[in-house]
Amino acid sequence: MAGNGSIAKLSFVALIVSLGGFLFGFDASVISGVIRYIRPEFQLNDIQLGWVVSAPSFAAMFAMLIAGRVSDYLSRKYVLVGVAFLYALSAVLSAYATGYQMLVIARMIGGFAFGAALVLAPVYIAEISPAGIRGKLVSIQQLNIVLGFSAAYFSNYFLLNKIGVSEFITEETAWRWMLGIETIPAVIYFVFLFFIPNTPRWLFMRGKLEQAKQVLASFHGAKHAEEEFKEIEQSLKAESTTQKTGIHVLFDKRLRFVLTIGLIIGVFQQITGVNAIYFYATTIFEQSGIGANASFAQAVWVGIINVIFTIVAMLLIDRMGRKPLMLIGIAGIALSMALTSYGFKLATYQLSTESVEAIDGIDAERLQKIAGIEYQNDLEFKGALKQVLSDQEYARYEGQLIQLSISMNPILILIGILGFVASFAVSLGPVMWVMLSELFPNNVRGIAISVIGFINSLTSWLVQFVFPWELSNLGNSGTYFIFCILAIAGFLLMYKLLPETKGRSLEEIEKELVLIHEDNY
């Protein structure tokens with residue numbers, strides 16, 4: 001086990017490497033506050049809005065597919081340096097976007113960055129960490145992600161309240177500040193990456209044995225470093241006799257079990273709706289009728305709960321284990337989505353004559369056509385609004401009209417969404433990346449995580465892309481009920497198949513989960 005000084009150094013390096021996660025979290029959640037401004041400004045329909053929000057995940061798919069393989073040649077460190085540069089470029093271009101197409105392209109550049117970062121940071125940290133604290137150190141990535149979420153929600157709320165107070169921040173420019181401020185942490189990340197070493201396992205694979213020994217000794221102490229060096233040497237020598245290249249290596253029957261587990265975790269982490277919640281948080285709260293300012297304020301609580309329960313996961317992951325946290329969390333996700341669906345199911349909508357007259361910017365005579373009519377769900381009410389308003393009017397005033405007409409208990413929605421966030425933060429969020437960094441042998445870890453990362457990001461993109469369409473065509477209640485059913489399916493699969501990997505070296509996990517399943521297929 002590493003000494004206190006070594007643990008401090010390992011933690012510091014893990015923190016630097018996982019700053020890419022902070023930028024991912026910031027980029028992911030900052031868009032939730034931007035939506036209400038760009039939708040009417042660029043006159044976006046549901047498909048276009050889905051593209052703006054999901055563009056980073058679309059690009060991340062391809063970055064994840066190649067990031068591990070590229071890092072096997074260039075090193076984890078130098079690919080991460082390129083990632084930091086792309087983050088900064090994306091932030092600048094997003095802030096200066098002149099139209100829908102430019103904004104999508106700018107966000108795709110950021111997507112290439114966080115796709116690579118999400119794959120490589122856990123790999124880097126796993127390759128420098130002793131088994132006893134590996135879960136905690138890899139979880140720093142998830143902690144940084146949720147800190148990024150929280151920072152973006154705070155930033156959006158702060159900028160919202162500066163509109164009209166600062167001469168630089170107006171209704172027209174607020175969203176540009178929201179997107180552009182990401183440049184600051186991106187530059188900090190870029191600079192700090194030059195102060196970390198390459199990982200000992202990568203150095204060993206490239207034949208730089210003395211450098212590998214030095215890095216191991218600096219992290220783990222001389223005695224433990226010698227033992228770990230021998231383990232790495234034996235593992236890589238054994239792998240070299242059957243070394244393969246390319247994606248086809250994953251079809252080796254010895255890897256089928258761990259690949260199946262990885263794919264299940266990767267798909268269900270996203271298909272249960274997490275990035276619909278994070279990317280559209282402000283929109284979701286606004287749909288409960290609380291108004292724009294309160295929606296931004298409640299989104300701040302999403303960030304706070306996220307941070308708190310991610311820290312809980314970090315404290316428990318090497319004690320309680322990976323599987324119990326996963327099962328508790330995904331059960332909580334199912335219950336939270338059921339509550340959110342039920343809350344919206346109870347909602348009714350009715351515009352009064354007085355409230356119609358109070359809306360500036362819309363011809364009241366048109367809205368009077370639907371005033372006094374009670375609608376039993378959001379689909380009926382939104383359909384009626386679209387019949388009497390132009391697309392641009394609907395995009396600009398939807399939240400205000402919902403606030404004036406809705407009758408429901410918004411506390412149910414707040415509890416459901418915060419319950420979802422807490423459940424995800426203690427399970428699927430951090431545990432997935434910890435397990436993916438542990439399950440695969442050294443020689444295929446990069447390509448395996450890249451492939452699963454691709455599937456994970458594809459699922460994320462689909463969820464984000466179709467979410468506006470789902471709300472428009474299935475309604476709030478139906479959309480969250482689907483997430484509930486998917487969470488139940490994930491719980492059943494993980495209960496049956498998920499292994500426990502806590503407290504074992506990467507080489508021990510390989511022997512147990514790869515070799516022992518060789519004859520099972």
# chains A, B, ... in the order shown; residues from 1 in each chain; ligands from 1
$ residues_around --residues "A:Phe62" --least-positions-apart "2" --cutoff "12 Å" --atoms "only C-alpha atoms" --output "number ranges by chain"
A: 55-60, 64-69, 108-109, 111-116, 119, 450-458, 461
$ write_last_selection --atoms "C-alpha atoms" --output "mmCIF file, in the first residue's frame"
data_model
loop_
_atom_site.group_PDB
_atom_site.id
_atom_site.type_symbol
_atom_site.label_atom_id
_atom_site.label_comp_id
_atom_site.auth_asym_id
_atom_site.auth_seq_id
_atom_site.Cartn_x
_atom_site.Cartn_y
_atom_site.Cartn_z
ATOM 1 C CA ALA A 55 -23.855 17.451 -30.746
ATOM 2 C CA PRO A 56 -21.034 16.928 -28.199
ATOM 3 C CA SER A 57 -22.178 13.376 -27.476
ATOM 4 C CA PHE A 58 -22.424 12.629 -31.196
ATOM 5 C CA ALA A 59 -18.800 13.681 -31.713
ATOM 6 C CA ALA A 60 -17.732 11.992 -28.483
ATOM 7 C CA MET A 64 -14.142 7.366 -27.658
ATOM 8 C CA LEU A 65 -13.747 4.804 -30.402
ATOM 9 C CA ILE A 66 -10.218 5.897 -31.271
ATOM 10 C CA ALA A 67 -8.951 7.624 -28.117
ATOM 11 C CA GLY A 68 -7.738 4.484 -26.367
ATOM 12 C CA ARG A 69 -5.953 3.200 -29.437
ATOM 13 C CA MET A 108 -18.947 18.934 -31.708
ATOM 14 C CA ILE A 109 -15.347 20.085 -31.251
ATOM 15 C CA GLY A 111 -17.501 16.600 -27.923
ATOM 16 C CA PHE A 112 -14.277 15.221 -29.421
ATOM 17 C CA ALA A 113 -12.523 16.558 -26.329
ATOM 18 C CA PHE A 114 -14.748 15.114 -23.668
ATOM 19 C CA GLY A 115 -15.159 11.809 -25.500
ATOM 20 C CA ALA A 116 -11.416 11.266 -25.320
ATOM 21 C CA VAL A 119 -12.098 7.297 -21.787
ATOM 22 C CA SER A 450 -13.022 2.936 -26.450
ATOM 23 C CA VAL A 451 -15.624 0.591 -27.937
ATOM 24 C CA ILE A 452 -17.801 0.629 -24.827
ATOM 25 C CA GLY A 453 -17.351 4.386 -24.613
ATOM 26 C CA PHE A 454 -18.598 4.623 -28.203
ATOM 27 C CA ILE A 455 -21.734 2.628 -27.340
ATOM 28 C CA ASN A 456 -22.194 4.663 -24.163
ATOM 29 C CA SER A 457 -21.917 7.935 -26.035
ATOM 30 C CA LEU A 458 -24.182 6.717 -28.861
ATOM 31 C CA TRP A 461 -26.665 11.062 -27.946
#
$ atom_distance --atom1 "atom CA of A:Leu346" --atom2 "atom CA of A:Ile47"
27.9 Å
$ residues_around --residues "stretch 72-79 of chain A" --least-positions-apart "2" --cutoff "9 Å" --atoms "only C-alpha atoms" --output "list of chain:residue names"
A:Val17, A:Ala67, A:Gly68, A:Arg69, A:Val70, A:Val81, A:Gly82, A:Val83, A:Ala84, A:Ala116, A:Ala117, A:Leu120, A:Ala121, A:Val123, A:Tyr124, A:Leu193, A:Phe194, A:Ile196, A:Pro197, A:Asn198, A:Thr199, A:Trp202, A:Leu203, A:Met205, A:Arg206, A:Gly446, A:Ile447
$ residues_around --residues "A:Lys386" --least-positions-apart "6" --cutoff "10 Å" --atoms "only C-alpha atoms" --output "list of chain:residue names"
A:Glu393, A:Tyr394, A:Ala395, A:Glu398
$ residues_around --residues "A:Asp363" --least-positions-apart "4" --cutoff "12 Å" --atoms "only C-alpha atoms" --output "list in words"
Val356, Glu357, Ala358, Ile359, Leu367, Gln368, Lys369, Val388, Leu389, Ser390 and Glu393 of chain A
$ write_last_selection --atoms "N, CA and C atoms" --output "mmCIF file, in the first residue's frame"
data_model
loop_
_atom_site.group_PDB
_atom_site.id
_atom_site.type_symbol
_atom_site.label_atom_id
_atom_site.label_comp_id
_atom_site.auth_asym_id
_atom_site.auth_seq_id
_atom_site.Cartn_x
_atom_site.Cartn_y
_atom_site.Cartn_z
ATOM 1 N N VAL A 356 -54.136 35.790 -19.656
ATOM 2 C CA VAL A 356 -53.869 36.031 -21.078
ATOM 3 C C VAL A 356 -53.584 37.504 -21.328
ATOM 4 N N GLU A 357 -54.345 38.372 -20.694
ATOM 5 C CA GLU A 357 -54.169 39.815 -20.881
ATOM 6 C C GLU A 357 -52.847 40.307 -20.312
ATOM 7 N N ALA A 358 -52.286 39.543 -19.382
ATOM 8 C CA ALA A 358 -51.064 39.989 -18.694
ATOM 9 C C ALA A 358 -49.787 39.691 -19.474
ATOM 10 N N ILE A 359 -49.888 38.952 -20.570
ATOM 11 C CA ILE A 359 -48.696 38.550 -21.312
ATOM 12 C C ILE A 359 -48.361 39.610 -22.362
ATOM 13 N N LEU A 367 -54.913 34.114 -27.888
ATOM 14 C CA LEU A 367 -54.897 33.241 -26.709
ATOM 15 C C LEU A 367 -56.280 33.113 -26.076
ATOM 16 N N GLN A 368 -57.139 34.126 -26.272
ATOM 17 C CA GLN A 368 -58.486 34.055 -25.704
ATOM 18 C C GLN A 368 -59.270 32.878 -26.279
ATOM 19 N N LYS A 369 -58.870 32.405 -27.453
ATOM 20 C CA LYS A 369 -59.559 31.264 -28.076
ATOM 21 C C LYS A 369 -59.440 29.994 -27.240
ATOM 22 N N VAL A 388 -52.526 28.390 -32.023
ATOM 23 C CA VAL A 388 -52.831 29.827 -32.009
ATOM 24 C C VAL A 388 -51.576 30.706 -31.996
ATOM 25 N N LEU A 389 -50.390 30.106 -31.849
ATOM 26 C CA LEU A 389 -49.140 30.876 -31.803
ATOM 27 C C LEU A 389 -48.220 30.463 -32.949
ATOM 28 N N SER A 390 -47.344 31.379 -33.347
ATOM 29 C CA SER A 390 -46.297 31.028 -34.313
ATOM 30 C C SER A 390 -45.239 30.188 -33.596
ATOM 31 N N GLU A 393 -43.084 32.387 -31.348
ATOM 32 C CA GLU A 393 -43.816 32.803 -30.147
ATOM 33 C C GLU A 393 -43.921 31.654 -29.154
#
$ closest_atom_pairs --of "stretch 115-160 of chain A" --to "stretch 307-318 of chain A" --cutoff "6 Å" --atoms "only C-alpha atoms" --output "JSON lines"
{"residue": "A:Gly135", "atom": "CA", "partner": "A:Asp318", "partner_atom": "CA", "distance": 5.9}
{"residue": "A:Lys136", "atom": "CA", "partner": "A:Met314", "partner_atom": "CA", "distance": 5.1}
{"residue": "A:Ser139", "atom": "CA", "partner": "A:Met314", "partner_atom": "CA", "distance": 6.0}
{"residue": "A:Leu143", "atom": "CA", "partner": "A:Thr310", "partner_atom": "CA", "distance": 5.8}
{"residue": "A:Val146", "atom": "CA", "partner": "A:Val307", "partner_atom": "CA", "distance": 5.5}
$ write_last_selection --atoms "N, CA, C and O atoms" --output "CSV table (one decimal), in the first residue's frame"
chain,number,residue,atom,x,y,z
A,135,GLY,N,-10.5,2.5,-6.7
A,135,GLY,CA,-11.9,2.9,-6.9
A,135,GLY,C,-12.1,4.3,-6.5
A,135,GLY,O,-12.7,5.1,-7.2
A,136,LYS,N,-11.5,4.7,-5.4
A,136,LYS,CA,-11.6,6.1,-4.9
A,136,LYS,C,-10.9,7.1,-5.8
A,136,LYS,O,-11.5,8.2,-6.1
A,139,SER,N,-12.8,7.5,-9.1
A,139,SER,CA,-14.0,8.2,-8.8
A,139,SER,C,-13.8,9.7,-8.8
A,139,SER,O,-14.8,10.5,-8.9
A,143,LEU,N,-16.3,12.9,-9.6
A,143,LEU,CA,-16.4,14.0,-8.7
A,143,LEU,C,-16.2,15.3,-9.5
A,143,LEU,O,-16.9,16.3,-9.4
A,146,VAL,N,-19.3,16.1,-11.7
A,146,VAL,CA,-20.4,16.7,-11.0
A,146,VAL,C,-20.1,18.1,-10.5
A,146,VAL,O,-20.9,18.9,-10.4
